[in-house]
Number of protein chains: 2
Amino acid sequence: MKQATDLVKSRDAKTAVRDPEGVRRDILTVAMEEFSQNGLSGARIDEIAARTKTSKRMIYYYFGDKEGLYQRVLEEAYGKVRGGEHDLELDRLDPVAALEKLCRFTFDHHRANPAFIRMVMVENIHHGRHMQMSKTIRDLNQPAIEELENVLRRGQAAGIFRQGITPLELHWQISALSFFNVSNSATFSLIFGGDLFTDEGQQRLSGHVAEMVLRYVLRPDHLGSLPTERA
Amino acid sequence: MKQATDLVKSRDAKTAVRDPEGVRRDILTVAMEEFSQNGLSGARIDEIAARTKTSKRMIYYYFGDKEGLYQRVLEEAYGKVRGGEHDLELDRLDPVAALEKLCRFTFDHHRANPAFIRMVMVENIHHGRHMQMSKTIRDLNQPAIEELENVLRRGQAAGIFRQGITPLELHWQISALSFFNVSNSATFSLIFGGDLFTDEGQQRLSGHVAEMVLRYVLRPDHLGSLPTERA
DNA sequence: CCTCCAATTAACTAATTAGTACATAACGCT
DNA sequence: AGCGTTATGTACTAATTAGTTAATTGGAGG
């Protein structure tokens with residue numbers, strides 16, 4: 001009794017007798033692993049329950065049903081990879097350096113978060129029908145575009161970037177290259193060999209993605225400002 | 001009796017009493033639809049059976065089990081989108097035109113085959129573990145690289161393409177842009193709006209993908225040969 | 001210290017679903 | 001025509017799996 005009271009008083013203690021928020025997080029963490037590994041239909045509630053410190057009943061208590069859990073996991077996945085772009089402080093760099101940094105960051109960030117990538121793959125298989133409501137997710141991604149827009153505008157104002165490049169399309173291109181790199185590594189490397197997916201290969205790719213984007217954006221007379229000099 | 005014999009004699013007749021190959025194809029077609037729509041675990045054998053002209057029993061008779069069917073469907077998917085590149089007769093075009101044509105073809109081809117794309121997505125969710133055996137699939141994709149290699153070599157020999165571009169990486173880049181366009185259209189358009197995925201948007205994208213690849217490959221002093229003149 | 005509510009446990013249910021047993025019909029061949 | 005083989009229809013089973021019922025415990029507020 002006394003012990004229990006003590007534990008409650010020290011909220012941060014590891015062994016709280018009851019810890020609703022901890023239980024929720026435990027479930028979400030395990031469920032993300034399971035859903036991203038096996039998809040919505042492939043994931044098993046019993047398996048998730050078994051891997052948590054809590055029980056199956058708790059999953060239903062907190063999340064209602066399998067789809068409810070999946071949906072929260074999806075939001076969680078988007079939430080976890082949000083932002084980051086802003087911490088790059090791109091406005092402190094010249095446009096070329098900023099754009100290169102953004103490309104490499106995006107590439108690396110995708111690579112570092114395969115569970116997120118897989119959740120997005122799964123959700124696309126389901127035609128995004130579990131995302132339709134989540135305004136949250138929309139808001140989370142807007143900053144990425146704005147950050148890119150700033151860099152572009154600065155580069156264009158300085159006369160080193162071409163006109164007519166739209167932030168949304170450019171974001172699409174950078175995302176495509178970064179996403180595919182993770183999402184399709186299994187089939188791609190089985191077909192063409194794994195050279196592109198070694199650490200060296202990935203560093204080369206990362207550089208070439210940035211270079212591709214820069215060559216696309218830079219005015220031909222400013223290609224000299226490429227990091228890979230020999231324009 | 002007489003009728004049956006007649007039907008057998010005219011193999012192409014629509015109402016063959018027994019038609020093993022037709023049954024196989026019927027199953028494969030329906031199964032591809034089902035697997036690409038719902039994934040491996042999400043697909044239901046009963047549902048597939050219901051949509052075929054035949055019965056569940058036949059599925060097991062011809063394909064053994066669910067995974068066996070899935071695997072054949074996967075091979076089928078790769079088979080159906082194979083080739084094509086060769087029919088472009090790229091060697092009859094100058095390197096710039098050839099590369100542009102290849103990019104646009106790849107982009108359009110992916111777009112025209114969403115079921116294939118979805119099968120590849122599903123297979124990647126499963127870490128490609130159903131492809132490991134299929135040497136067939138590997139062979140099917142080699143020509144794409146070779147075709148690209150030829151174009152690259154010609155462009156480099158003519159002094160209009162940069163050195164140091166590798167066919168495999170370039171293929172990876174073209175694939176990434178073309179694949180992502182289909183695979184992630186659901187989530188992307190939910191987050192950023194559907195402008196990129198209208199017919200007009202897609203035509204613009206297709207052009208910009210080709211342009212991006214060309215700007216990456218062309219030597220700066222030959223950017224003038226871009227289809228989108230105002231270099 | 002008692003009471004009410006949120007949190008938790010354990011065992012159970014109902015439906016779905018992959019896979020099968022068994023009988024039978026059509027075909028190819030001689 | 002007869003026979004072995006390939007193909008097919010019907011009905012069943014065994015296991016899995018999402019979701020529930022009902023009872024219990026801990027703790028915060030009065």
# chains A, B, ... in the order shown; residues from 1 in each chain; ligands from 1
>>> residues_around(residues="A:Leu177", least_positions_apart="5", cutoff="8 Å", atoms="only C-alpha atoms (C1' of nucleotides)", output="PyMOL selection string")
(chain A and resi 107+209) or (chain B and resi 173+176-177)
>>> write_last_selection(atoms="all heavy atoms", output="CSV table (one decimal), in the first residue's frame")
chain,number,residue,atom,x,y,z
A,107,PHE,N,17.1,12.1,-48.3
A,107,PHE,CA,17.6,10.7,-48.6
A,107,PHE,C,17.9,9.9,-47.4
A,107,PHE,O,17.5,8.8,-47.2
A,107,PHE,CB,18.8,10.8,-49.6
A,107,PHE,CG,19.2,9.5,-50.1
A,107,PHE,CD1,18.7,9.1,-51.4
A,107,PHE,CD2,20.1,8.7,-49.5
A,107,PHE,CE1,19.1,7.9,-51.9
A,107,PHE,CE2,20.6,7.5,-50.0
A,107,PHE,CZ,20.1,7.1,-51.2
A,209,VAL,N,21.8,11.8,-56.2
A,209,VAL,CA,20.4,12.3,-56.1
A,209,VAL,C,20.5,13.8,-56.0
A,209,VAL,O,19.8,14.6,-56.7
A,209,VAL,CB,19.6,11.7,-55.0
A,209,VAL,CG1,18.4,12.5,-54.6
A,209,VAL,CG2,19.2,10.3,-55.3
B,173,GLN,N,17.3,5.6,-61.2
B,173,GLN,CA,16.7,6.9,-61.1
B,173,GLN,C,15.5,7.0,-61.9
B,173,GLN,O,14.4,7.5,-61.4
B,173,GLN,CB,17.7,8.0,-61.6
B,173,GLN,CG,18.8,8.2,-60.5
B,173,GLN,CD,20.1,8.8,-61.1
B,173,GLN,OE1,20.4,8.7,-62.3
B,173,GLN,NE2,20.9,9.5,-60.3
B,176,ALA,N,12.8,4.9,-60.2
B,176,ALA,CA,12.3,5.5,-59.0
B,176,ALA,C,11.2,6.6,-59.3
B,176,ALA,O,10.2,6.5,-58.7
B,176,ALA,CB,13.5,6.2,-58.2
B,177,LEU,N,11.5,7.4,-60.2
B,177,LEU,CA,10.6,8.5,-60.5
B,177,LEU,C,9.3,7.9,-61.1
B,177,LEU,O,8.2,8.4,-60.8
B,177,LEU,CB,11.2,9.5,-61.5
B,177,LEU,CG,12.4,10.3,-60.9
B,177,LEU,CD1,13.3,10.9,-62.0
B,177,LEU,CD2,11.9,11.4,-59.9
>>> residues_around(residues="A:Gln37", least_positions_apart="5", cutoff="10 Å", atoms="only C-alpha atoms (C1' of nucleotides)", output="ChimeraX atom specification")
/A:31-32,42-43,114-115,118-119,122 /B:125-127
>>> interface_residues(of="chain A", to="chain C", cutoff="12 Å", atoms="only C-alpha atoms (C1' of nucleotides)", output="PDB file with C-alpha atoms, in the first residue's frame")
ATOM      1  CA  VAL A  17       1.763  -0.021 -10.908  1.00  0.00           C
ATOM      2  CA  ARG A  18      -0.641   1.511 -13.373  1.00  0.00           C
ATOM      3  CA  ASP A  19       0.610   3.475 -16.321  1.00  0.00           C
ATOM      4  CA  PRO A  20      -2.025   4.121 -18.978  1.00  0.00           C
ATOM      5  CA  GLU A  21       0.158   6.314 -21.133  1.00  0.00           C
ATOM      6  CA  VAL A  23       0.699   1.035 -21.942  1.00  0.00           C
ATOM      7  CA  ARG A  24      -0.577   3.019 -24.916  1.00  0.00           C
ATOM      8  CA  THR A  54       0.134  -5.811 -21.594  1.00  0.00           C
ATOM      9  CA  SER A  55      -2.733  -7.918 -22.924  1.00  0.00           C
ATOM     10  CA  LYS A  56      -4.962  -8.120 -25.974  1.00  0.00           C
ATOM     11  CA  ARG A  57      -7.875  -6.717 -24.048  1.00  0.00           C
ATOM     12  CA  MET A  58      -5.980  -3.490 -23.519  1.00  0.00           C
ATOM     13  CA  ILE A  59      -5.518  -3.030 -27.258  1.00  0.00           C
ATOM     14  CA  TYR A  61      -9.734  -0.951 -24.634  1.00  0.00           C
ATOM     15  CA  TYR A  62      -7.572   1.826 -25.988  1.00  0.00           C
TER      16      TYR A  62
END
>>> interface_residues(of="chain D", to="chain B", cutoff="9 Å", atoms="only C-alpha atoms (C1' of nucleotides)", output="number ranges by chain")
D: 7-9
>>> residues_around(residues="A:Lys101", least_positions_apart="3", cutoff="9 Å", atoms="only C-alpha atoms (C1' of nucleotides)", output="ChimeraX atom specification")
/A:88,90,96-98,104-106,210
>>> select_by_dssp(residues="stretch 66-188 of chain B", states="alpha helix (DSSP H)", output="JSON, numbers by chain")
{"B": [66, 67, 68, 69, 70, 71, 72, 73, 74, 75, 76, 77, 78, 79, 80, 95, 96, 97, 98, 99, 100, 101, 102, 103, 104, 105, 106, 107, 108, 109, 110, 111, 112, 114, 115, 116, 117, 118, 119, 120, 121, 122, 123, 124, 125, 135, 136, 137, 138, 139, 140, 141, 142, 143, 144, 145, 146, 147, 148, 149, 150, 151, 152, 153, 154, 155, 156, 157, 167, 168, 169, 170, 171, 172, 173, 174, 175, 176, 177, 178, 179, 180, 181, 182, 183, 185, 186, 187, 188]}
>>> closest_residue(among="B:Met131, B:Ala158, B:Leu152, B:Ala77", to="chain A", atoms="only C-alpha atoms")
B:Met131
>>> residues_around(residues="A:Ile160", least_positions_apart="3", cutoff="12 Å", atoms="only C-alpha atoms (C1' of nucleotides)", output="VMD selection string")
chain A and resid 94 to 96 151 to 157 163 214 to 226
>>> atom_distance(atom1="atom CA of B:Phe180", atom2="atom CA of A:Gly193")
20.5 Å
>>> residues_around(residues="B:His208", least_positions_apart="3", cutoff="10 Å", atoms="only C-alpha atoms (C1' of nucleotides)", output="mmCIF file with N, CA, C and O atoms, in the first residue's frame")
data_model
loop_
_atom_site.group_PDB
_atom_site.id
_atom_site.type_symbol
_atom_site.label_atom_id
_atom_site.label_comp_id
_atom_site.auth_asym_id
_atom_site.auth_seq_id
_atom_site.Cartn_x
_atom_site.Cartn_y
_atom_site.Cartn_z
ATOM 1 N N ILE A 165 10.485 26.317 -61.987
ATOM 2 C CA ILE A 165 10.530 25.115 -61.145
ATOM 3 C C ILE A 165 9.514 25.309 -60.023
ATOM 4 O O ILE A 165 9.534 26.332 -59.342
ATOM 5 N N GLU A 169 6.537 20.071 -57.277
ATOM 6 C CA GLU A 169 7.111 19.075 -58.192
ATOM 7 C C GLU A 169 8.499 18.665 -57.747
ATOM 8 O O GLU A 169 8.877 17.498 -57.808
ATOM 9 N N LEU A 170 9.270 19.642 -57.308
ATOM 10 C CA LEU A 170 10.625 19.339 -56.882
ATOM 11 C C LEU A 170 10.595 18.437 -55.639
ATOM 12 O O LEU A 170 11.369 17.483 -55.529
ATOM 13 N N GLN A 173 9.922 15.006 -56.757
ATOM 14 C CA GLN A 173 11.090 14.342 -57.335
ATOM 15 C C GLN A 173 12.059 13.862 -56.261
ATOM 16 O O GLN A 173 12.547 12.725 -56.297
ATOM 17 N N TYR A 216 19.186 19.837 -62.347
ATOM 18 C CA TYR A 216 17.853 20.132 -62.871
ATOM 19 C C TYR A 216 17.473 21.586 -62.587
ATOM 20 O O TYR A 216 16.823 22.244 -63.391
ATOM 21 N N CYS B 103 12.765 7.452 -71.244
ATOM 22 C CA CYS B 103 12.204 7.987 -69.995
ATOM 23 C C CYS B 103 10.686 8.071 -70.078
ATOM 24 O O CYS B 103 9.979 7.604 -69.183
ATOM 25 N N ARG B 104 10.216 8.669 -71.128
ATOM 26 C CA ARG B 104 8.762 8.840 -71.261
ATOM 27 C C ARG B 104 8.070 7.494 -71.377
ATOM 28 O O ARG B 104 6.997 7.286 -70.811
ATOM 29 N N GLN B 202 0.219 14.857 -65.130
ATOM 30 C CA GLN B 202 1.050 13.709 -65.446
ATOM 31 C C GLN B 202 1.875 13.938 -66.706
ATOM 32 O O GLN B 202 3.017 13.503 -66.780
ATOM 33 N N GLN B 203 1.294 14.635 -67.653
ATOM 34 C CA GLN B 203 2.072 14.915 -68.864
ATOM 35 C C GLN B 203 3.227 15.856 -68.547
ATOM 36 O O GLN B 203 4.340 15.680 -69.037
ATOM 37 N N ARG B 204 2.943 16.836 -67.722
ATOM 38 C CA ARG B 204 3.991 17.754 -67.291
ATOM 39 C C ARG B 204 5.082 16.974 -66.552
ATOM 40 O O ARG B 204 6.259 17.087 -66.847
ATOM 41 N N LEU B 205 4.655 16.139 -65.605
ATOM 42 C CA LEU B 205 5.615 15.342 -64.834
ATOM 43 C C LEU B 205 6.470 14.473 -65.742
ATOM 44 O O LEU B 205 7.686 14.411 -65.588
ATOM 45 N N GLU B 211 13.322 15.485 -68.655
ATOM 46 C CA GLU B 211 14.213 16.638 -68.636
ATOM 47 C C GLU B 211 15.259 16.520 -67.528
ATOM 48 O O GLU B 211 16.434 16.821 -67.706
ATOM 49 N N MET B 212 14.801 16.047 -66.381
ATOM 50 C CA MET B 212 15.708 15.897 -65.248
ATOM 51 C C MET B 212 16.822 14.906 -65.580
ATOM 52 O O MET B 212 17.997 15.145 -65.288
ATOM 53 N N VAL B 213 16.427 13.809 -66.184
ATOM 54 C CA VAL B 213 17.404 12.792 -66.547
ATOM 55 C C VAL B 213 18.386 13.348 -67.582
ATOM 56 O O VAL B 213 19.600 13.171 -67.467
ATOM 57 N N LEU B 214 17.851 14.046 -68.562
ATOM 58 C CA LEU B 214 18.728 14.588 -69.608
ATOM 59 C C LEU B 214 19.691 15.633 -69.058
ATOM 60 O O LEU B 214 20.880 15.636 -69.384
ATOM 61 N N THR B 228 13.328 20.944 -74.566
ATOM 62 C CA THR B 228 12.833 22.207 -74.009
ATOM 63 C C THR B 228 13.906 23.273 -74.204
ATOM 64 O O THR B 228 14.648 23.595 -73.278
#
>>> atom_distance(atom1="atom CA of A:Gln132", atom2="atom CA of A:Val73")
14.7 Å
>>> closest_residue(among="B:Lys135, B:Arg92, B:Lys53, B:His86", to="chain A", atoms="only C-alpha atoms")
B:Lys135
>>> atom_distance(atom1="atom CA of A:Arg82", atom2="atom CA of B:Asn124")
23.9 Å
>>> closest_residue(among="B:Gly201, B:Gly84, B:Gly64, B:Gly159", to="chain A", atoms="only C-alpha atoms")
B:Gly201
